[in-house]
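*Asks:* Next comes the structure file structure_6.tsv, holding TSV, C-alpha atoms.
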```tsv
chain	number	residue	atom	x	y	z
A	1	MET	CA	94.55	68.18	41.70
A	2	PHE	CA	93.63	67.05	45.19
A	3	HIS	CA	91.08	69.25	46.95
A	4	PRO	CA	90.88	68.31	50.65
A	5	ILE	CA	87.70	70.33	51.24
A	6	ARG	CA	85.89	68.69	48.31
A	7	SER	CA	87.08	65.28	49.44
A	8	LEU	CA	85.84	65.96	52.94
A	9	ILE	CA	82.46	67.09	51.63
A	10	ALA	CA	82.22	63.97	49.46
A	11	LEU	CA	83.08	61.78	52.46
A	12	VAL	CA	80.45	63.50	54.61
A	13	VAL	CA	77.84	63.02	51.87
A	14	LEU	CA	78.79	59.35	51.49
A	15	VAL	CA	78.55	58.76	55.25
A	16	GLY	CA	75.21	60.54	55.30
A	17	LEU	CA	73.89	58.34	52.50
A	18	LEU	CA	75.07	55.19	54.28
A	19	VAL	CA	73.45	56.29	57.53
A	20	ALA	CA	70.22	57.14	55.70
A	21	ALA	CA	70.21	53.76	53.95
A	22	ASP	CA	70.85	52.03	57.25
A	23	ARG	CA	67.90	53.84	58.87
A	24	VAL	CA	65.62	53.03	55.91
A	25	ALA	CA	66.50	49.35	56.20
A	26	ALA	CA	65.86	49.48	59.96
A	27	HIS	CA	62.48	51.13	59.39
A	28	VAL	CA	61.44	48.41	56.94
A	29	ALA	CA	62.50	45.69	59.37
A	30	GLU	CA	60.66	47.41	62.24
A	31	GLY	CA	57.47	47.37	60.19
A	32	GLN	CA	57.83	43.65	59.45
A	33	ILE	CA	58.53	42.84	63.10
A	34	ALA	CA	55.55	44.96	64.18
A	35	THR	CA	53.28	42.95	61.87
A	36	ALA	CA	54.60	39.67	63.27
A	37	VAL	CA	54.16	40.81	66.88
A	38	GLN	CA	50.65	42.09	66.17
A	39	SER	CA	49.66	38.72	64.73
A	40	ALA	CA	51.28	36.65	67.49
A	41	ALA	CA	49.78	38.76	70.29
A	42	GLY	CA	46.37	39.27	68.69
A	43	LEU	CA	46.66	43.05	68.94
A	44	ALA	CA	43.98	45.22	67.38
A	45	HIS	CA	46.55	47.89	66.52
A	46	LYS	CA	50.06	47.55	65.13
A	47	PRO	CA	52.64	48.20	67.88
A	48	THR	CA	55.57	50.59	67.66
A	49	VAL	CA	58.89	48.79	67.15
A	50	VAL	CA	62.38	50.22	67.61
A	51	VAL	CA	65.47	48.22	66.67
A	52	HIS	CA	68.25	49.49	68.91
A	53	GLY	CA	71.90	49.42	67.96
A	54	PHE	CA	73.86	50.96	65.09
A	55	PRO	CA	74.53	50.09	62.41
A	56	PHE	CA	71.42	48.08	61.71
A	57	VAL	CA	72.86	46.40	58.60
A	58	THR	CA	75.51	44.48	60.52
A	59	GLN	CA	72.80	43.05	62.79
A	60	ALA	CA	70.68	42.12	59.79
A	61	ILE	CA	73.59	40.37	58.07
A	62	ARG	CA	74.35	38.17	61.06
A	63	GLY	CA	70.61	37.56	61.57
A	64	GLN	CA	70.64	38.50	65.26
A	65	TYR	CA	69.42	41.68	66.89
A	66	ASP	CA	70.62	42.57	70.36
A	67	HIS	CA	67.68	44.63	71.59
A	68	ILE	CA	64.27	45.37	70.09
A	69	GLU	CA	61.72	47.46	71.97
A	70	VAL	CA	58.00	47.02	71.29
A	71	THR	CA	55.28	49.33	72.62
A	72	ALA	CA	51.61	48.42	72.23
A	73	LEU	CA	49.01	51.10	73.02
A	74	ASP	CA	45.31	50.64	73.73
A	75	ILE	CA	45.68	46.89	74.14
A	76	PHE	CA	42.00	46.55	75.10
A	77	ASP	CA	40.98	48.17	71.78
A	78	SER	CA	38.70	50.60	73.58
A	79	THR	CA	36.85	53.24	71.60
A	80	THR	CA	38.14	56.01	73.85
A	81	GLY	CA	41.83	55.03	73.99
A	82	ARG	CA	41.79	54.37	77.72
A	83	GLY	CA	45.54	54.20	78.20
A	84	SER	CA	46.55	50.58	78.85
A	85	VAL	CA	50.09	50.06	77.58
A	86	THR	CA	52.42	47.10	77.14
A	87	THR	CA	56.15	47.71	76.76
A	88	VAL	CA	58.25	44.70	75.80
A	89	ASN	CA	62.02	44.32	75.45
A	90	PHE	CA	63.19	41.51	73.17
A	91	ASP	CA	66.83	40.54	73.73
A	92	GLY	CA	68.59	38.18	71.35
A	93	VAL	CA	66.17	38.22	68.42
A	94	ARG	CA	67.02	35.85	65.58
A	95	ILE	CA	65.76	36.51	62.06
A	96	PRO	CA	67.66	34.94	59.12
A	97	VAL	CA	68.92	37.62	56.73
A	98	SER	CA	67.21	35.91	53.79
A	99	LYS	CA	63.85	36.19	55.56
A	100	ALA	CA	64.46	39.80	56.55
A	101	LEU	CA	65.39	40.84	53.01
A	102	SER	CA	62.42	39.08	51.40
A	103	GLY	CA	59.93	40.17	54.05
A	104	ASP	CA	58.97	36.52	54.48
A	105	ILE	CA	58.97	36.62	58.29
A	106	HIS	CA	56.62	34.03	59.76
A	107	GLN	CA	58.56	33.17	62.90
A	108	ILE	CA	60.73	35.24	65.20
A	109	HIS	CA	62.89	33.54	67.81
A	110	VAL	CA	63.64	35.54	70.96
A	111	ASP	CA	66.10	34.47	73.66
A	112	HIS	CA	64.74	36.59	76.50
A	113	VAL	CA	61.74	38.87	77.03
A	114	THR	CA	61.14	41.45	79.76
A	115	GLY	CA	58.71	44.31	80.07
A	116	THR	CA	55.72	45.80	81.81
A	117	VAL	CA	52.00	46.10	81.26
A	118	VAL	CA	49.94	48.91	82.74
A	119	VAL	CA	46.18	48.29	82.77
A	120	ALA	CA	44.23	51.52	83.18
A	121	PHE	CA	41.41	51.53	85.71
A	122	ALA	CA	38.96	52.56	83.00
A	123	ASP	CA	39.85	49.41	81.03
A	124	ILE	CA	39.39	47.26	84.14
A	125	GLU	CA	35.96	48.80	84.67
A	126	ALA	CA	34.91	48.22	81.06
A	127	ALA	CA	36.29	44.66	80.91
A	128	SER	CA	34.58	43.68	84.17
A	129	HIS	CA	31.15	44.05	82.51
A	130	VAL	CA	29.80	45.27	85.85
A	131	PRO	CA	27.43	48.21	85.20
A	132	GLY	CA	28.46	51.42	86.94
A	133	VAL	CA	31.54	49.99	88.67
A	134	THR	CA	34.43	52.33	89.50
A	135	VAL	CA	37.94	51.24	90.46
A	136	ARG	CA	40.69	53.42	91.91
A	137	ALA	CA	43.93	53.19	93.87
A	138	VAL	CA	44.03	53.12	97.67
A	139	ALA	CA	46.62	55.46	99.18
A	140	GLY	CA	49.40	53.56	100.92
A	141	GLN	CA	48.19	50.16	99.71
A	142	PRO	CA	50.14	49.19	96.54
A	143	GLY	CA	48.34	45.85	96.20
A	144	GLN	CA	44.78	47.01	96.81
A	145	VAL	CA	42.07	49.00	95.02
A	146	ALA	CA	38.80	50.61	96.02
A	147	VAL	CA	35.73	49.34	94.16
A	148	ASP	CA	32.37	51.10	94.16
A	149	GLU	CA	29.35	49.46	92.56
A	150	SER	CA	25.66	48.76	92.96
A	151	ILE	CA	24.99	45.29	94.41
A	152	THR	CA	21.65	43.51	94.80
A	153	VAL	CA	20.96	42.15	98.26
A	154	ALA	CA	17.65	40.33	98.89
A	155	GLY	CA	16.27	41.85	95.72
A	156	VAL	CA	17.26	45.39	96.69
A	157	ALA	CA	19.99	47.37	94.91
A	158	VAL	CA	22.45	48.96	97.35
A	159	ASP	CA	25.57	51.04	96.86
A	160	ALA	CA	28.59	49.10	98.07
A	161	HIS	CA	32.14	50.22	98.72
A	162	ALA	CA	34.77	47.49	98.74
A	163	ILE	CA	38.51	47.25	99.31
A	164	ALA	CA	39.84	44.54	97.01
A	165	ALA	CA	43.19	42.79	96.82
A	166	VAL	CA	44.65	42.53	93.33
A	167	SER	CA	46.35	39.30	92.29
A	168	LEU	CA	47.32	37.38	89.18
A	169	ALA	CA	46.16	34.00	87.95
A	170	GLY	CA	48.13	33.38	84.78
A	171	ASN	CA	47.53	36.45	82.61
A	172	THR	CA	44.29	37.34	84.37
A	173	LEU	CA	43.93	40.09	86.97
A	174	THR	CA	41.66	39.12	89.85
A	175	LEU	CA	40.06	41.61	92.24
A	176	LYS	CA	38.93	39.91	95.45
A	177	ALA	CA	37.01	41.94	98.02
A	178	ILE	CA	38.50	41.80	101.51
A	179	ASP	CA	36.18	44.38	103.08
A	180	VAL	CA	32.76	45.62	101.98
A	181	GLN	CA	30.61	48.41	103.34
A	182	ILE	CA	27.10	49.47	102.40
A	183	GLY	CA	26.65	53.19	102.06
A	184	GLY	CA	25.31	54.67	105.30
A	185	ALA	CA	24.85	51.26	106.94
A	186	GLY	CA	26.36	50.08	110.18
A	187	ALA	CA	27.50	46.52	110.85
A	188	VAL	CA	26.68	44.07	108.05
A	189	PRO	CA	25.47	40.56	109.00
A	190	PRO	CA	28.08	37.88	108.15
A	191	ALA	CA	25.82	36.13	105.61
A	192	VAL	CA	25.15	39.41	103.80
A	193	LEU	CA	28.85	40.34	103.99
A	194	ALA	CA	29.81	37.04	102.33
A	195	GLN	CA	27.32	37.73	99.54
A	196	LEU	CA	28.64	41.26	99.07
A	197	LYS	CA	32.23	40.04	98.88
A	198	SER	CA	31.26	37.45	96.28
A	199	GLN	CA	29.49	40.01	94.10
A	200	ALA	CA	32.25	42.60	94.50
A	201	ALA	CA	34.90	40.24	93.06
A	202	PHE	CA	35.69	39.89	89.37
A	203	SER	CA	38.53	39.02	86.98
A	204	VAL	CA	39.92	40.71	83.87
A	205	ARG	CA	42.12	38.95	81.33
A	206	VAL	CA	45.04	41.04	80.08
A	207	PRO	CA	45.04	40.92	76.25
A	208	GLY	CA	47.83	41.47	73.77
A	209	LEU	CA	50.37	39.03	75.20
A	210	PRO	CA	52.02	36.39	73.00
A	211	SER	CA	51.67	32.80	74.12
A	212	GLY	CA	54.50	31.96	76.52
A	213	VAL	CA	54.69	35.40	78.16
A	214	HIS	CA	54.03	35.37	81.91
A	215	LEU	CA	52.93	38.20	84.20
A	216	SER	CA	54.15	38.68	87.78
A	217	GLY	CA	54.60	41.29	90.48
A	218	VAL	CA	51.33	43.22	90.61
A	219	THR	CA	51.40	46.80	91.90
A	220	VAL	CA	48.75	49.51	91.99
A	221	SER	CA	49.47	53.13	91.09
A	222	PRO	CA	47.25	56.17	90.44
A	223	ASP	CA	47.32	55.27	86.72
A	224	GLY	CA	46.17	51.66	87.06
A	225	VAL	CA	47.43	48.17	87.79
A	226	SER	CA	50.95	47.27	86.67
A	227	ALA	CA	52.72	43.94	86.29
A	228	GLY	CA	56.07	42.75	84.98
A	229	LEU	CA	56.29	40.28	82.14
A	230	THR	CA	58.93	37.72	81.25
A	231	ALA	CA	59.58	34.88	78.85
A	232	ASP	CA	62.52	32.79	77.68
A	233	ASP	CA	63.05	31.06	74.34
A	234	LEU	CA	59.94	32.70	72.90
A	235	VAL	CA	58.79	32.00	69.32
A	236	LEU	CA	56.48	34.58	67.74
A	237	THR	CA	54.42	33.02	64.97
A	238	ARG	CA	52.82	35.23	62.38
```
The structure given in the file should be rewritten as structure tokens.

*Replies:*
Amino acid sequence: MFHPIRSLIALVVLVGLLVAADRVAAHVAEGQIATAVQSAAGLAHKPTVVVHGFPFVTQAIRGQYDHIEVTALDIFDSTTGRGSVTTVNFDGVRIPVSKALSGDIHQIHVDHVTGTVVVAFADIEAASHVPGVTVRAVAGQPGQVAVDESITVAGVAVDAHAIAAVSLAGNTLTLKAIDVQIGGAGAVPPAVLAQLKSQAAFSVRVPGLPSGVHLSGVTVSPDGVSAGLTADDLVLTR
């Protein structure tokens, strides 16, 4: 005898099992992709990976994933978790189904990559290797930062305050002093000013980026220095 309520319950249970299986498969794939990205980018910590789109199984069968989001925290591997974050969107990711099922993923082909990286000021300070340096945003100046540090002039240590322009050279952030003042001092002689500007400049390489990813569009916010990232026809090698 046909029982519509029982049939409905059975259908709901079946759909639930299929959805659960689909999510389990997606979770396994996300872990494999995270391992591959960690290896390719040289990350100290495994990133968080989310495969967007449902169902996952249909994407896995055709071997192409429309959108995968990767978030890497603490990219400088600091002991205090200073807050630098890279968020990457992979569009058009190709992984053969045989590789995905076996877990034998050594290469991931990506059609297009976009994202952002936010480098915390504390990470910039630590990576500069300048003792006692502090870096912070300058109100109303999205491309500049304030830098305070102790600088040696003619054998004497002085406290210097600099306004520095932030730029990119490849995947390296460069802070170049455009104005320097010595605490409590009046006009600074040109020769001394040139020396101060030289000592108040430094560069910091942004880690955790796969080869082929390019940074552009530097901005400064209260949280740190941000840049966009892009790449086309990227191959992640594990």

*Asks:* How big is the axis-aligned box around all listed atoms of segment 228-238 of chain A once 4 Å goes on each side, and where's its centre, in Å to one decimal, as JSON?

*Replies:*
```
{"center_x": 57.9, "center_y": 36.9, "center_z": 73.7, "size_x": 18.2, "size_y": 19.7, "size_z": 30.6}
```

*Asks:* Hey, which of A:Val145, A:Val93, A:Ala137, A:Ile182 ends up closest to His112 of chain A? Count all atoms listed in the file.

*Replies:* A:Val93

*Asks:* Grab the atom CA of Gln32 of chain A to atom CA of Asp111 of chain A distance for me, in Å with one decimal place.

*Replies:*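 So the answer is 18.8 Å.
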
*Asks:* Kindly assemble as JSON lines a list of the segment 100-151 of chain A residues that lie within 10 Å of segment 212-219 of chain A, each paired with its nearest atom pair and their distance in Å to one decimal, using all atoms listed in the file, sorted first by chain and then by ascending residue number.

*Replies:*
```
{"residue": "A:Val113", "atom": "CA", "partner": "A:Val213", "partner_atom": "CA", "distance": 7.9}
{"residue": "A:Thr114", "atom": "CA", "partner": "A:Val213", "partner_atom": "CA", "distance": 9.0}
{"residue": "A:Gly115", "atom": "CA", "partner": "A:Leu215", "partner_atom": "CA", "distance": 9.4}
{"residue": "A:Thr116", "atom": "CA", "partner": "A:Leu215", "partner_atom": "CA", "distance": 8.4}
{"residue": "A:Val117", "atom": "CA", "partner": "A:Leu215", "partner_atom": "CA", "distance": 8.5}
{"residue": "A:Val118", "atom": "CA", "partner": "A:Thr219", "partner_atom": "CA", "distance": 9.5}
{"residue": "A:Gln141", "atom": "CA", "partner": "A:Thr219", "partner_atom": "CA", "distance": 9.1}
{"residue": "A:Pro142", "atom": "CA", "partner": "A:Thr219", "partner_atom": "CA", "distance": 5.4}
{"residue": "A:Gly143", "atom": "CA", "partner": "A:Thr219", "partner_atom": "CA", "distance": 5.4}
{"residue": "A:Gln144", "atom": "CA", "partner": "A:Thr219", "partner_atom": "CA", "distance": 8.2}
```

*Asks:* Show me, as a PyMOL selection string, the residues that have an atom within 9 Å of Ala40 of chain A when counting all atoms listed in the file, minus same-chain residues fewer than 5 positions from it.

*Replies:* chain A and resi 35+208-211+236-238

*Asks:* List the neighbours of Ser84 of chain A out to 7 Å using only C-alpha atoms; skip same-chain residues closer than 5 positions along the sequence, and give me the result as a list in words.

*Replies:*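 Answer for this query is Leu73, Asp74, Ile75, Val118, Val119 and Ala120 of chain A.
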
*Asks:* Which residue is closest to Ile124 of chain A? Choose from A:Ser226, A:Ser221, A:Ser167, A:Ser203 and count only C-alpha atoms.

*Replies:* A:Ser203

*Asks:* Considering all atoms listed in the file, state which residue in the set A:Ala201, A:Val70, A:Leu175, A:Glu125 is at the smallest distance from Gln38 of chain A.

*Replies:*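 Of all the options, A:Val70 lies closest to Gln38 of chain A.
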
*Asks:* List the neighbours of Arg205 of chain A out to 10 Å using only C-alpha atoms; skip same-chain residues closer than 5 positions along the sequence, and give me the result as a list of chain:residue names.

*Replies:*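 Contacts, with the query itself left out: A:Phe76, A:Ile124, A:Ala127, A:Ser128, A:Leu168, A:Ala169, A:Gly170, A:Asn171, A:Thr172, A:Leu173, A:Thr174.
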